[in-house]
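run-v1.txt follows (compact mmCIF, C-alpha atoms):
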# COMPACT_ATOMS: atom_id res chain seq x y z
CA MET A 1407 51.99 25.38 -4.68
CA ILE A 1408 49.98 25.09 -7.88
CA LYS A 1409 47.03 27.43 -7.68
CA LYS A 1410 43.63 26.10 -8.75
CA THR A 1411 41.46 29.01 -7.66
CA VAL A 1412 39.14 30.70 -10.14
CA ALA A 1413 37.05 33.78 -9.39
CA ASN A 1414 33.54 32.47 -9.94
CA VAL A 1415 31.28 29.80 -11.38
CA GLN A 1416 31.28 31.37 -14.88
CA ILE A 1417 35.04 30.99 -15.20
CA ALA A 1418 34.96 27.60 -13.50
CA CYS A 1419 32.59 26.31 -16.19
CA GLU A 1420 34.56 27.59 -19.21
CA GLY A 1421 34.72 25.00 -21.96
CA ILE A 1422 31.41 23.30 -21.28
CA ALA A 1423 29.44 22.67 -24.45
CA ASP A 1424 26.33 20.98 -25.81
CA GLY A 1425 26.49 17.20 -26.01
CA MET A 1426 29.11 16.75 -23.31
CA THR A 1427 29.17 14.16 -20.54
CA PHE A 1428 29.23 15.49 -16.98
CA MET A 1429 29.70 13.72 -13.66
CA LEU A 1430 27.88 15.41 -10.80
CA GLY A 1431 28.46 14.56 -7.15
CA GLY A 1432 25.74 14.25 -4.54
CA PHE A 1433 23.32 11.76 -3.06
CA GLY A 1434 19.76 12.98 -3.33
CA LEU A 1435 20.10 16.72 -2.71
CA CYS A 1436 22.94 16.17 -0.23
CA GLY A 1437 26.33 17.39 -1.41
CA ILE A 1438 25.26 18.52 -4.89
CA PRO A 1439 27.18 21.27 -6.73
CA GLU A 1440 24.36 23.81 -6.53
CA ASN A 1441 26.24 26.72 -8.10
CA ILE A 1442 27.38 24.69 -11.09
CA ILE A 1443 23.91 23.24 -11.71
CA SER A 1444 22.52 26.80 -11.74
CA GLU A 1445 25.20 27.78 -14.26
CA LEU A 1446 24.32 24.83 -16.53
CA VAL A 1447 20.70 25.98 -16.40
CA ARG A 1448 21.65 29.61 -17.06
CA ARG A 1449 23.80 28.72 -20.08
CA ASN A 1450 21.09 26.36 -21.33
CA ILE A 1451 23.62 23.69 -22.29
CA GLN A 1452 21.78 21.07 -24.37
CA GLY A 1453 22.08 17.34 -24.95
CA ILE A 1454 23.89 16.61 -21.70
CA THR A 1455 24.73 13.12 -20.52
CA CYS A 1456 24.67 13.21 -16.71
CA ILE A 1457 26.40 10.69 -14.50
CA SER A 1458 24.80 11.24 -11.11
CA ASN A 1459 23.43 8.87 -8.50
CA ASN A 1460 20.06 10.62 -8.48
CA ALA A 1461 18.20 13.12 -10.61
CA GLY A 1462 17.22 15.72 -8.04
CA VAL A 1463 13.60 16.61 -7.31
CA ASP A 1464 11.17 18.38 -9.62
CA ASP A 1465 12.28 21.90 -8.69
CA PHE A 1466 15.82 21.50 -7.36
CA GLY A 1467 19.12 19.89 -8.21
CA LEU A 1468 19.24 18.11 -11.57
CA GLY A 1469 15.45 18.44 -11.71
CA LEU A 1470 16.09 22.01 -12.90
CA LEU A 1471 17.95 20.69 -15.96
CA LEU A 1472 15.31 18.03 -16.56
CA LYS A 1473 12.53 20.55 -16.57
CA LYS A 1474 14.27 22.47 -19.37
CA HIS A 1475 14.89 19.25 -21.31
CA GLN A 1476 18.67 19.81 -21.22
CA ILE A 1477 19.45 16.20 -20.37
CA LYS A 1478 19.74 13.71 -23.22
CA LYS A 1479 20.80 10.79 -21.07
CA MET A 1480 20.93 10.05 -17.34
CA ILE A 1481 23.22 7.46 -15.81
CA SER A 1482 21.97 6.89 -12.25
CA SER A 1483 21.18 4.23 -9.68
CA TYR A 1484 17.96 5.61 -8.23
CA VAL A 1485 15.56 8.14 -9.69
CA GLY A 1486 12.44 7.56 -7.59
CA GLU A 1487 12.11 11.07 -6.18
CA ASN A 1488 11.45 12.83 -9.42
CA ALA A 1489 8.08 12.57 -11.15
CA GLU A 1490 9.21 14.52 -14.23
CA PHE A 1491 12.14 12.17 -14.60
CA GLU A 1492 9.90 9.13 -14.55
CA ARG A 1493 7.63 10.75 -17.12
CA GLN A 1494 10.48 11.61 -19.53
CA MET A 1495 11.94 8.15 -19.13
CA LEU A 1496 8.73 6.19 -19.65
CA SER A 1497 7.78 8.36 -22.65
CA GLY A 1498 11.22 7.83 -24.20
CA GLU A 1499 12.10 11.56 -24.32
CA MET A 1500 15.20 10.85 -22.28
CA GLU A 1501 17.57 7.92 -22.39
CA VAL A 1502 18.32 6.30 -19.05
CA GLU A 1503 21.00 3.86 -17.97
CA LEU A 1504 20.34 2.49 -14.51
CA VAL A 1505 23.49 1.29 -12.80
CA PRO A 1506 23.84 -0.41 -9.40
CA GLN A 1507 25.01 2.18 -6.90
CA GLY A 1508 28.28 0.50 -5.97
CA THR A 1509 29.05 -0.07 -9.64
CA LEU A 1510 28.35 3.60 -10.34
CA ALA A 1511 30.82 4.68 -7.66
CA GLN A 1512 33.43 2.18 -8.80
CA ARG A 1513 33.11 3.22 -12.46
CA CYS A 1514 33.97 6.75 -11.33
CA GLU A 1515 36.84 5.65 -9.15
CA ALA A 1516 38.17 3.38 -11.92
CA ALA A 1517 38.14 6.33 -14.35
CA ARG A 1518 40.10 8.42 -11.86
CA SER A 1519 42.59 5.63 -11.17
CA GLY A 1520 43.41 4.45 -14.69
CA ILE A 1521 41.55 1.14 -14.42
CA PRO A 1522 39.64 0.59 -17.69
CA ALA A 1523 37.32 -2.11 -16.33
CA PHE A 1524 36.67 -4.32 -13.32
CA PHE A 1525 34.55 -7.28 -12.24
CA THR A 1526 31.72 -6.97 -9.74
CA PRO A 1527 29.09 -9.48 -8.58
CA ALA A 1528 26.39 -6.77 -8.64
CA GLY A 1529 23.76 -7.39 -11.29
CA TYR A 1530 24.88 -10.86 -12.29
CA GLY A 1531 21.88 -12.80 -13.65
CA THR A 1532 19.84 -9.59 -14.08
CA GLU A 1533 19.16 -7.32 -17.06
CA VAL A 1534 22.06 -5.12 -15.93
CA ALA A 1535 24.45 -7.87 -17.04
CA VAL A 1536 22.91 -8.36 -20.51
CA GLY A 1537 25.56 -8.04 -23.24
CA LYS A 1538 28.41 -7.78 -20.74
CA GLU A 1539 31.30 -10.16 -20.23
CA THR A 1540 30.85 -12.42 -17.19
CA ARG A 1541 33.46 -14.53 -15.48
CA ASN A 1542 33.84 -17.06 -12.73
CA PHE A 1543 36.35 -16.24 -9.99
CA ASN A 1544 36.68 -18.77 -7.16
CA GLY A 1545 33.30 -20.28 -7.91
CA LYS A 1546 31.31 -17.06 -8.05
CA MET A 1547 30.09 -15.18 -11.12
CA TYR A 1548 31.04 -11.57 -11.81
CA VAL A 1549 30.11 -8.98 -14.44
CA MET A 1550 32.66 -6.80 -16.22
CA GLU A 1551 31.93 -3.09 -15.87
CA LYS A 1552 33.84 -0.30 -17.57
CA ALA A 1553 35.23 2.97 -16.26
CA PHE A 1554 33.19 6.03 -17.17
CA GLU A 1555 34.44 8.62 -19.63
CA ALA A 1556 33.39 12.16 -18.87
CA ASP A 1557 34.33 15.65 -20.08
CA PHE A 1558 33.84 17.32 -16.71
CA SER A 1559 33.48 16.21 -13.10
CA PHE A 1560 31.51 18.69 -10.99
CA VAL A 1561 31.87 18.22 -7.25
CA LYS A 1562 30.93 20.01 -4.07
CA ALA A 1563 33.06 20.03 -0.91
CA TRP A 1564 32.78 21.67 2.51
CA LYS A 1565 36.23 23.23 2.69
CA GLY A 1566 38.90 23.62 0.08
CA ASP A 1567 42.14 25.51 -0.34
CA GLU A 1568 43.88 27.33 -3.18
CA ALA A 1569 45.79 24.15 -4.04
CA GLY A 1570 42.50 22.33 -4.70
CA ASN A 1571 42.67 20.15 -1.59
CA LEU A 1572 39.22 19.17 -0.39
CA ILE A 1573 37.46 18.21 2.84
CA PHE A 1574 33.88 16.97 2.84
CA LYS A 1575 31.30 17.08 5.60
CA GLY A 1576 29.06 14.27 6.86
CA THR A 1577 27.21 12.27 4.24
CA ALA A 1578 27.62 15.13 1.75
CA ARG A 1579 30.84 13.30 0.82
CA ASN A 1580 29.03 10.44 -1.01
CA PHE A 1581 29.93 10.37 -4.75
CA ASN A 1582 32.04 13.52 -4.75
CA PRO A 1583 35.46 11.98 -3.94
CA ALA A 1584 35.19 9.18 -6.52
CA MET A 1585 34.38 11.73 -9.21
CA CYS A 1586 37.40 13.92 -8.46
CA GLY A 1587 39.86 13.35 -11.28
CA ALA A 1588 37.48 10.99 -13.09
CA GLY A 1589 36.46 13.50 -15.76
CA LYS A 1590 38.93 15.28 -18.06
CA ILE A 1591 38.48 18.44 -16.01
CA THR A 1592 37.32 18.47 -12.39
CA VAL A 1593 35.67 21.57 -11.02
CA ALA A 1594 35.09 21.84 -7.27
CA GLU A 1595 32.79 24.32 -5.59
CA VAL A 1596 33.26 24.75 -1.85
CA GLU A 1597 31.42 26.38 1.03
CA GLU A 1598 34.66 27.77 2.37
CA LEU A 1599 37.71 28.51 0.20
CA LEU A 1600 40.85 29.02 2.26
CA PRO A 1601 44.46 30.06 1.63
CA ALA A 1602 47.00 27.26 1.20
CA GLY A 1603 48.27 26.15 4.59
CA SER A 1604 44.93 26.62 6.32
CA LEU A 1605 43.95 22.97 6.10
CA ASP A 1606 45.81 20.26 8.00
CA PRO A 1607 47.37 17.95 5.35
CA ASN A 1608 46.45 14.99 7.59
CA GLN A 1609 42.77 15.79 7.22
CA ILE A 1610 42.57 16.24 3.43
CA HIS A 1611 40.08 13.82 1.82
CA ILE A 1612 41.01 14.59 -1.80
CA PRO A 1613 44.40 16.01 -2.78
CA GLY A 1614 44.50 18.93 -5.19
CA ILE A 1615 46.13 16.97 -8.00
CA PHE A 1616 42.67 15.70 -8.98
CA ILE A 1617 41.17 19.19 -9.15
CA GLN A 1618 41.70 21.67 -12.02
CA ARG A 1619 39.48 24.50 -10.82
CA ILE A 1620 38.14 25.46 -7.42
CA PHE A 1621 35.85 28.33 -6.49
CA GLN A 1622 33.94 29.75 -3.56
CA GLY A 1623 30.28 28.79 -3.93
CA GLN A 1624 27.53 31.30 -3.15
CA GLN A 1625 24.16 31.16 -1.42
CA TYR A 1626 23.92 27.48 -0.60
CA GLU A 1627 20.34 26.41 -0.18
CA LYS A 1628 21.18 22.84 0.99
CA ARG A 1629 17.62 21.73 0.74
CA ILE A 1630 16.49 18.81 2.90
CA GLU A 1631 14.63 16.17 0.91
CA GLN A 1632 13.00 14.21 3.76
CA LEU A 1633 12.87 16.11 7.02
CA THR A 1634 12.57 13.53 9.80
CA VAL A 1635 12.83 14.60 13.43
CA ARG A 1636 12.10 13.45 16.98
CA LYS A 1637 10.07 15.54 19.39
CA ARG A 1638 11.97 16.87 22.36
CA ASN A 1639 10.62 15.63 25.68
CA MET B 115 -3.77 -11.92 12.72
CA ALA B 116 -1.34 -10.89 10.06
CA LEU B 117 1.51 -8.78 11.37
CA SER B 118 1.67 -5.03 10.95
CA LYS B 119 4.77 -3.51 9.33
CA GLU B 120 6.06 -2.60 12.80
CA GLN B 121 5.62 -6.19 13.95
CA ILE B 122 7.50 -7.52 10.90
CA ALA B 123 10.33 -5.15 11.83
CA GLN B 124 10.10 -6.29 15.45
CA ARG B 125 10.47 -9.93 14.43
CA ILE B 126 13.40 -9.17 12.12
CA ALA B 127 15.13 -7.28 14.92
CA ARG B 128 15.65 -10.66 16.58
CA GLU B 129 17.96 -11.61 13.69
CA VAL B 130 20.30 -8.78 14.67
CA LYS B 131 23.08 -10.14 16.88
CA ASP B 132 25.69 -8.60 19.15
CA GLY B 133 28.65 -7.20 17.21
CA TYR B 134 26.84 -6.98 13.87
CA TYR B 135 27.29 -4.25 11.28
CA VAL B 136 23.86 -4.02 9.66
CA ASN B 137 22.60 -2.39 6.46
CA LEU B 138 18.92 -1.49 6.49
CA GLY B 139 16.97 -0.90 3.29
CA ILE B 140 14.20 1.63 2.80
CA GLY B 141 10.67 0.96 4.18
CA ILE B 142 10.00 -1.78 6.75
CA PRO B 143 13.75 -2.49 7.17
CA THR B 144 14.34 1.07 8.42
CA LEU B 145 11.92 0.36 11.29
CA VAL B 146 14.06 -2.55 12.49
CA ALA B 147 16.45 -0.14 14.21
CA ASN B 148 13.66 0.80 16.64
CA PHE B 149 13.36 -2.75 17.95
CA VAL B 150 16.94 -3.94 18.37
CA ARG B 151 17.72 -5.05 21.94
CA GLU B 152 19.47 -2.38 23.94
CA ASP B 153 21.89 -4.75 25.63
CA ILE B 154 23.75 -5.61 22.40
CA ASP B 155 26.24 -3.57 20.39
CA VAL B 156 25.22 -3.03 16.79
CA GLU B 157 26.24 -0.46 14.19
CA PHE B 158 24.01 0.55 11.33
CA GLN B 159 25.58 1.25 7.96
CA SER B 160 23.85 3.49 5.46
CA GLU B 161 25.31 3.04 2.00
CA ASN B 162 25.41 6.76 1.25
CA GLY B 163 28.35 6.90 3.63
CA ILE B 164 27.91 6.46 7.39
CA LEU B 165 28.61 3.78 9.96
CA GLY B 166 27.12 4.36 13.40
CA MET B 167 23.87 5.89 12.21
CA GLY B 168 21.66 7.13 15.05
CA PRO B 169 17.98 8.08 15.37
CA PHE B 170 16.29 11.07 13.77
CA PRO B 171 17.54 14.41 15.14
CA PHE B 172 15.55 16.49 17.58
CA GLU B 173 13.49 19.23 15.97
CA GLY B 174 15.79 22.07 15.00
CA ASP B 175 18.95 19.94 15.12
CA GLU B 176 18.57 18.57 11.59
CA ASP B 177 21.62 18.86 9.34
CA PRO B 178 21.19 18.80 5.54
CA ASP B 179 24.67 17.20 5.33
CA LEU B 180 23.61 14.24 7.44
CA ILE B 181 21.08 11.89 5.84
CA ASN B 182 20.47 8.16 5.38
CA ALA B 183 19.97 6.23 2.15
CA GLY B 184 16.29 7.14 2.24
CA LYS B 185 17.31 10.82 2.20
CA GLN B 186 15.94 11.26 5.73
CA THR B 187 17.74 13.47 8.24
CA ILE B 188 19.56 11.38 10.86
CA THR B 189 22.18 11.66 13.58
CA ALA B 190 25.62 10.13 14.05
CA LEU B 191 26.28 8.18 17.26
CA PRO B 192 29.55 8.26 19.23
CA GLY B 193 32.04 6.13 17.28
CA ALA B 194 30.41 6.92 13.92
CA SER B 195 32.40 7.46 10.73
CA PHE B 196 31.76 8.95 7.31
CA PHE B 197 33.15 7.70 4.03
CA ASP B 198 32.59 8.00 0.30
CA SER B 199 30.33 5.84 -1.88
CA ALA B 200 33.17 3.79 -3.39
CA MET B 201 34.43 2.81 0.06
CA SER B 202 30.89 2.19 1.26
CA PHE B 203 30.30 -0.39 -1.45
CA GLY B 204 33.77 -1.79 -0.83
CA MET B 205 32.49 -2.61 2.66
CA ILE B 206 29.43 -4.24 1.14
CA ARG B 207 31.10 -6.20 -1.69
CA GLY B 208 33.98 -7.12 0.59
CA LYS B 209 31.50 -8.79 2.98
CA HIS B 210 32.39 -6.61 5.94
CA VAL B 211 28.71 -5.91 6.62
CA ASP B 212 27.23 -8.81 8.61
CA LEU B 213 23.53 -8.50 7.87
CA THR B 214 21.47 -6.92 5.10
CA ILE B 215 17.75 -6.34 5.56
CA LEU B 216 15.76 -5.23 2.55
CA GLY B 217 12.31 -5.19 1.04
CA ALA B 218 11.09 -7.12 -2.00
CA MET B 219 8.26 -7.16 -4.51
CA GLU B 220 8.82 -10.86 -5.27
CA VAL B 221 11.04 -13.67 -4.02
CA SER B 222 11.41 -17.06 -5.71
CA GLN B 223 11.95 -20.42 -4.04
CA ASP B 224 15.48 -20.42 -5.47
CA GLY B 225 16.25 -17.24 -3.54
CA ASP B 226 15.94 -14.86 -6.48
CA ILE B 227 14.68 -11.40 -5.56
CA ALA B 228 12.92 -8.65 -7.54
CA ASN B 229 12.49 -5.20 -6.04
CA TRP B 230 13.47 -2.45 -8.46
CA LYS B 231 11.28 -2.30 -11.51
CA ILE B 232 7.81 -2.97 -12.89
CA PRO B 233 8.22 -2.74 -16.68
CA GLY B 234 6.26 0.07 -18.27
CA LYS B 235 4.88 1.19 -14.92
CA MET B 236 7.40 1.91 -12.22
CA VAL B 237 11.12 2.38 -12.65
CA LYS B 238 12.79 3.85 -9.62
CA GLY B 239 16.11 2.13 -10.04
CA MET B 240 17.98 -0.44 -8.03
CA GLY B 241 19.97 1.97 -5.89
CA GLY B 242 22.35 -0.15 -3.83
CA ALA B 243 20.14 -3.24 -3.76
CA MET B 244 21.94 -5.15 -6.53
CA ASP B 245 25.32 -4.62 -4.89
CA LEU B 246 23.92 -5.65 -1.51
CA VAL B 247 22.20 -8.85 -2.59
CA ALA B 248 25.09 -9.96 -4.81
CA SER B 249 27.58 -9.85 -1.96
CA ALA B 250 25.88 -10.21 1.40
CA GLU B 251 25.94 -13.68 2.89
CA ASN B 252 23.24 -12.94 5.39
CA ILE B 253 20.16 -11.40 3.78
CA VAL B 254 16.77 -11.09 5.43
CA VAL B 255 13.86 -9.94 3.29
CA ALA B 256 10.98 -8.00 4.82
CA MET B 257 7.83 -8.15 2.72
CA MET B 258 4.10 -8.72 2.61
CA HIS B 259 3.19 -12.31 1.77
CA ALA B 260 0.71 -11.26 -0.92
CA ASN B 261 0.12 -8.14 -3.02
CA ARG B 262 -2.95 -5.91 -2.82
CA GLU B 263 -4.81 -8.20 -5.23
CA GLY B 264 -4.13 -11.11 -2.88
CA GLU B 265 -1.61 -12.75 -5.23
CA SER B 266 1.36 -14.48 -3.65
CA LYS B 267 4.73 -12.73 -3.74
CA LEU B 268 6.55 -15.94 -2.75
CA LEU B 269 6.79 -17.62 -6.11
CA LYS B 270 8.24 -20.57 -7.98
CA GLU B 271 9.88 -18.03 -10.28
CA CYS B 272 9.94 -14.24 -10.17
CA GLY B 273 7.97 -12.53 -12.93
CA LEU B 274 9.50 -9.09 -12.45
CA PRO B 275 13.04 -8.10 -13.52
CA LEU B 276 15.50 -9.56 -11.01
CA THR B 277 17.65 -7.69 -8.54
CA GLY B 278 19.78 -10.73 -7.76
CA VAL B 279 19.81 -14.51 -8.16
CA LYS B 280 19.95 -17.25 -5.50
CA CYS B 281 20.77 -14.83 -2.71
CA VAL B 282 17.85 -14.69 -0.28
CA LYS B 283 18.08 -17.06 2.70
CA LYS B 284 15.44 -15.80 5.10
CA ILE B 285 12.09 -14.04 4.66
CA VAL B 286 9.83 -12.43 7.25
CA THR B 287 6.34 -11.62 6.00
CA ASP B 288 3.13 -10.51 7.66
CA LEU B 289 2.16 -14.20 7.85
CA ALA B 290 5.32 -16.20 8.42
CA VAL B 291 9.07 -16.64 8.80
CA LEU B 292 10.53 -18.79 6.06
CA GLU B 293 13.93 -20.04 5.06
CA ILE B 294 15.05 -21.00 1.57
CA ILE B 295 16.82 -24.37 1.46
CA ASP B 296 17.57 -26.33 -1.72
CA GLY B 297 15.11 -24.46 -3.89
CA LYS B 298 12.13 -24.58 -1.54
CA PHE B 299 10.49 -22.34 1.03
CA HIS B 300 10.67 -23.92 4.50
CA LEU B 301 8.12 -22.67 6.99
CA LEU B 302 9.78 -21.85 10.32
CA GLU B 303 7.25 -19.76 12.21
CA ARG B 304 3.75 -18.44 11.69
CA ALA B 305 2.27 -15.12 12.78
CA PRO B 306 0.16 -15.36 15.95
CA GLY B 307 -3.24 -16.75 15.06
CA VAL B 308 -2.36 -17.47 11.41
CA SER B 309 -2.81 -21.11 10.43
CA VAL B 310 -0.47 -23.23 8.36
CA GLU B 311 -3.33 -23.61 5.88
CA GLU B 312 -3.55 -19.84 5.39
CA ILE B 313 0.19 -19.65 4.76
CA LYS B 314 -0.03 -22.54 2.29
CA ARG B 315 -2.78 -20.77 0.37
CA ALA B 316 -0.77 -17.53 0.27
CA THR B 317 2.41 -19.20 -0.99
CA GLU B 318 2.66 -20.03 -4.69
CA GLY B 319 6.14 -21.56 -4.46
CA ASP B 320 6.88 -25.01 -3.01
CA LEU B 321 6.40 -24.89 0.74
CA VAL B 322 7.96 -27.46 3.08
CA ILE B 323 6.28 -27.95 6.44
CA HIS B 324 8.07 -30.07 9.02
CA GLY B 325 6.11 -31.00 12.14
CA ASP B 326 4.42 -28.40 14.28
CA ILE B 327 5.11 -24.84 13.24
CA PRO B 328 5.49 -22.54 16.25
CA GLU B 329 4.01 -19.07 16.48
CA MET B 330 6.41 -16.16 16.23
CA LYS B 331 7.50 -14.53 19.45
CA ILE B 332 7.22 -10.77 19.17

I need this file expressed as structure tokens, please.
Amino acid sequence: MIKKTVANVQIACEGIADGMTFMLGGFGLCGIPENIISELVRRNIQGITCISNNAGVDDFGLGLLLKKHQIKKMISSYVGENAEFERQMLSGEMEVELVPQGTLAQRCEAARSGIPAFFTPAGYGTEVAVGKETRNFNGKMYVMEKAFEADFSFVKAWKGDEAGNLIFKGTARNFNPAMCGAGKITVAEVEELLPAGSLDPNQIHIPGIFIQRIFQGQQYEKRIEQLTVRKRN
Amino acid sequence: MALSKEQIAQRIAREVKDGYYVNLGIGIPTLVANFVREDIDVEFQSENGILGMGPFPFEGDEDPDLINAGKQTITALPGASFFDSAMSFGMIRGKHVDLTILGAMEVSQDGDIANWKIPGKMVKGMGGAMDLVASAENIVVAMMHANREGESKLLKECGLPLTGVKCVKKIVTDLAVLEIIDGKFHLLERAPGVSVEEIKRATEGDLVIHGDIPEMKI
């Protein structure tokens, strides 16, 4: 077994530097690497390019980095929940590349899988396709999209083992799997870090080969963005 | 009377057929789930990674790891499954989802749709909408017929940045049900008590009216 365990978030984030490109898993605030985001804030890393479906909310998730103006560029599909984001974008303080959600996921997966580019119908005929190669396959038009290049992938899983194998829970899976192995170094934080052999190999969602460092996360807040409930009778 | 948002959702629910996998967008489309007949089998897909999405949880049962694409807490029904975003959009691009219901700011008579950006004013992003409209064969748009200023949102050409081209087939508004055929809006049904004249006035794009137009059944 090749051990991927590191003691804490500080060691897990060794090598991060100003101006780097990071992939961060999560959909809204669901399944975000909370410990790593806190560490990026604490180290005050500047000029970050973030590849992340959303940008957090004003006081949580990537919103914490936004507030400190640490983000140079965001690559996202939907940023509607964050007023500060919209302000920085419209004022030109921050560069933004909006990418269709499926294209965003596929650009991660392509990076992980050694596929430099692919064709998708998403965005054909819209401003997303401007300047990109388009092609007709079987009578339908497609846009060429390229794999992302990132220095680090930061993901969050439910359970993981010393070998870096990961299992996700519910819809907290979202972008995390596609980002594993897509950056040069993938760091996974988990709610429960277990000895090798504790997880059933049949149930592993992401095999440890895609993970370089894994650590036990602390004090998960797991904030709910939109609490919607039914009344009990 | 123009339809309420709930009534638009109620009318759209009649487009949902037995055995359909259905993706619901944010806003009015989300309400459609409340009005689907109980005697048919339907599964709702939420593009953040669940098939078999159920209603909101009971108070106290909410799980931060279980949300829909609108970031609302939800439940998973028996037979549900979870998957990652790449697979989710594989389902969508691969046309495995039978029906997509989404909102729009503008629709053109060619079936173009705009719903993600107002330049210089509002930029929330397209989310999964561009992927959905580019691939789905069966798209129903839920929208108001006119904006707050009373200007038509059913146009000859969209003025706002597009989400997709030539993709919308059916539209349900507060005034009417319309279908897009050969570059024109065809009026199929009108809201109870709304006249064909009113719909004509509220529609900037070319509107085809064949014979008597029935009232919607809600």

Quick one: residues within 7 Å of A:Met1500, only C-alpha atoms, excluding same-chain residues fewer than 5 positions away - as a ChimeraX atom specification?
/A:1478-1479,1494-1495

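Taking all atoms listed in the file into account, chain A lies nearest to B:Ala190 out of the set B:Met258, B:Ile140, B:Ala190, B:Val156.
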
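Using only C-alpha atoms, the smallest distance between any of A:Glu1499, A:Glu1492, A:Glu1539, A:Glu1568 and A:Ala1461 comes from A:Glu1492.
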
What separates atom CA of B:Gly225 and atom CA of B:Met201 is a distance of 27.3 Å

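Nearest to chain B of all the residues A:Asp1424, A:Glu1501, A:Glu1627, A:Glu1551 is A:Glu1627, counting only C-alpha atoms.
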
Fewer than 3 positions away in the same chain doesn't count, so skip those; otherwise give me all residues within 7 Å of B:Leu165, counting only C-alpha atoms, as a PyMOL selection string.
chain B and resi 157-160+194-196

Could you take the residues named above and write them with C-alpha atoms, as a CSV table (one decimal), in the frame of the given file?
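Dumped everything to selection-v5.csv:
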chain,number,residue,atom,x,y,z
B,157,GLU,CA,26.2,-0.5,14.2
B,158,PHE,CA,24.0,0.6,11.3
B,159,GLN,CA,25.6,1.2,8.0
B,160,SER,CA,23.8,3.5,5.5
B,194,ALA,CA,30.4,6.9,13.9
B,195,SER,CA,32.4,7.5,10.7
B,196,PHE,CA,31.8,9.0,7.3

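When all atoms listed in the file are used to compute distances to A:Pro1527, the closest of the residues B:Thr277, B:Ser249, B:Ser266, B:Ser309 turns out to be B:Ser249.
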
Compute the chain A side of the contact with chain B at 8 Å, counting all atoms listed in the file, and hand it back as a ChimeraX atom specification.
/A:1433-1434,1436-1437,1482-1486,1492,1496,1504-1509,1511-1512,1515,1527-1533,1575-1584,1628-1638

Looking at all atoms listed in the file, which of B:Ala127, B:Val310, B:Cys281, B:Leu268 is the one that sits closest to B:Asp296?
B:Cys281

Exercise: residues within 7 Å of coordinate (27.2, 14.4, -7.6), counting only C-alpha atoms, as a JSON list (two decimals) with C-alpha atoms, keeping the file's coordinate frame:
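After the write, out-v6.json holds the following:
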[["chain", "number", "residue", "atom", "x", "y", "z"],
["A", 1429, "MET", "CA", 29.70, 13.72, -13.66],
["A", 1430, "LEU", "CA", 27.88, 15.41, -10.80],
["A", 1431, "GLY", "CA", 28.46, 14.56, -7.15],
["A", 1432, "GLY", "CA", 25.74, 14.25, -4.54],
["A", 1433, "PHE", "CA", 23.32, 11.76, -3.06],
["A", 1437, "GLY", "CA", 26.33, 17.39, -1.41],
["A", 1438, "ILE", "CA", 25.26, 18.52, -4.89],
["A", 1439, "PRO", "CA", 27.18, 21.27, -6.73],
["A", 1458, "SER", "CA", 24.80, 11.24, -11.11],
["A", 1459, "ASN", "CA", 23.43, 8.87, -8.50],
["A", 1560, "PHE", "CA", 31.51, 18.69, -10.99],
["A", 1561, "VAL", "CA", 31.87, 18.22, -7.25],
["A", 1581, "PHE", "CA", 29.93, 10.37, -4.75],
["A", 1582, "ASN", "CA", 32.04, 13.52, -4.75]]

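Shortest separation to B:His300 among B:Lys270, B:Arg315, B:His324, B:Arg128 occurs at residue B:His324, atoms counted being only C-alpha atoms.
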
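Environment of (-0.2, -17.5, -5.0): residues at most 12 Å away, judged by only C-alpha atoms, are Glu220, Val221, Ser222, His259, Ala260, Asn261, Glu263, Gly264, Glu265, Ser266, Lys267, Leu268, Leu269, Lys270, Glu271, Cys272, Glu312, Ile313, Lys314, Arg315, Ala316, Thr317, Glu318, Gly319, Asp320 and Leu321 of chain B.
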
Please write out, as JSON, where the centre of an axis-aligned box around all listed atoms of stretch 1545-1562 of chain A lies and how long its edges are, in Å to one decimal, after adding 4 Å on each side.
{"center_x": 32.7, "center_y": -0.1, "center_z": -12.1, "size_x": 13.1, "size_y": 48.3, "size_z": 24.0}

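What separates atom CA of A:Leu1572 from atom CA of A:Ile1408 is a distance of 14.4 Å.
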
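A straight line drawn from atom CA of A:Met1480 to atom CA of A:Glu1503 is 6.2 Å long.
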
Hey, what's within 7 Å of B:Gln124 if we count all atoms listed in the file and toss same-chain stuff fewer than 6 positions away? As a ChimeraX atom specification, please?
/B:146,149,332

Give me the residues near A:Gln1416 as an mmCIF file with C-alpha atoms, in the coordinates of the input, where near means some atom within 10 Å (using only C-alpha atoms) and where sequence neighbours in that chain fewer than 2 positions away do not count.
data_model
loop_
_atom_site.group_PDB
_atom_site.id
_atom_site.type_symbol
_atom_site.label_atom_id
_atom_site.label_comp_id
_atom_site.auth_asym_id
_atom_site.auth_seq_id
_atom_site.Cartn_x
_atom_site.Cartn_y
_atom_site.Cartn_z
ATOM 1 C CA VAL A 1412 39.140 30.700 -10.140
ATOM 2 C CA ALA A 1413 37.050 33.780 -9.390
ATOM 3 C CA ASN A 1414 33.540 32.470 -9.940
ATOM 4 C CA ALA A 1418 34.960 27.600 -13.500
ATOM 5 C CA CYS A 1419 32.590 26.310 -16.190
ATOM 6 C CA GLU A 1420 34.560 27.590 -19.210
ATOM 7 C CA ASN A 1441 26.240 26.720 -8.100
ATOM 8 C CA ILE A 1442 27.380 24.690 -11.090
ATOM 9 C CA GLU A 1445 25.200 27.780 -14.260
ATOM 10 C CA LEU A 1446 24.320 24.830 -16.530
ATOM 11 C CA ARG A 1449 23.800 28.720 -20.080
#
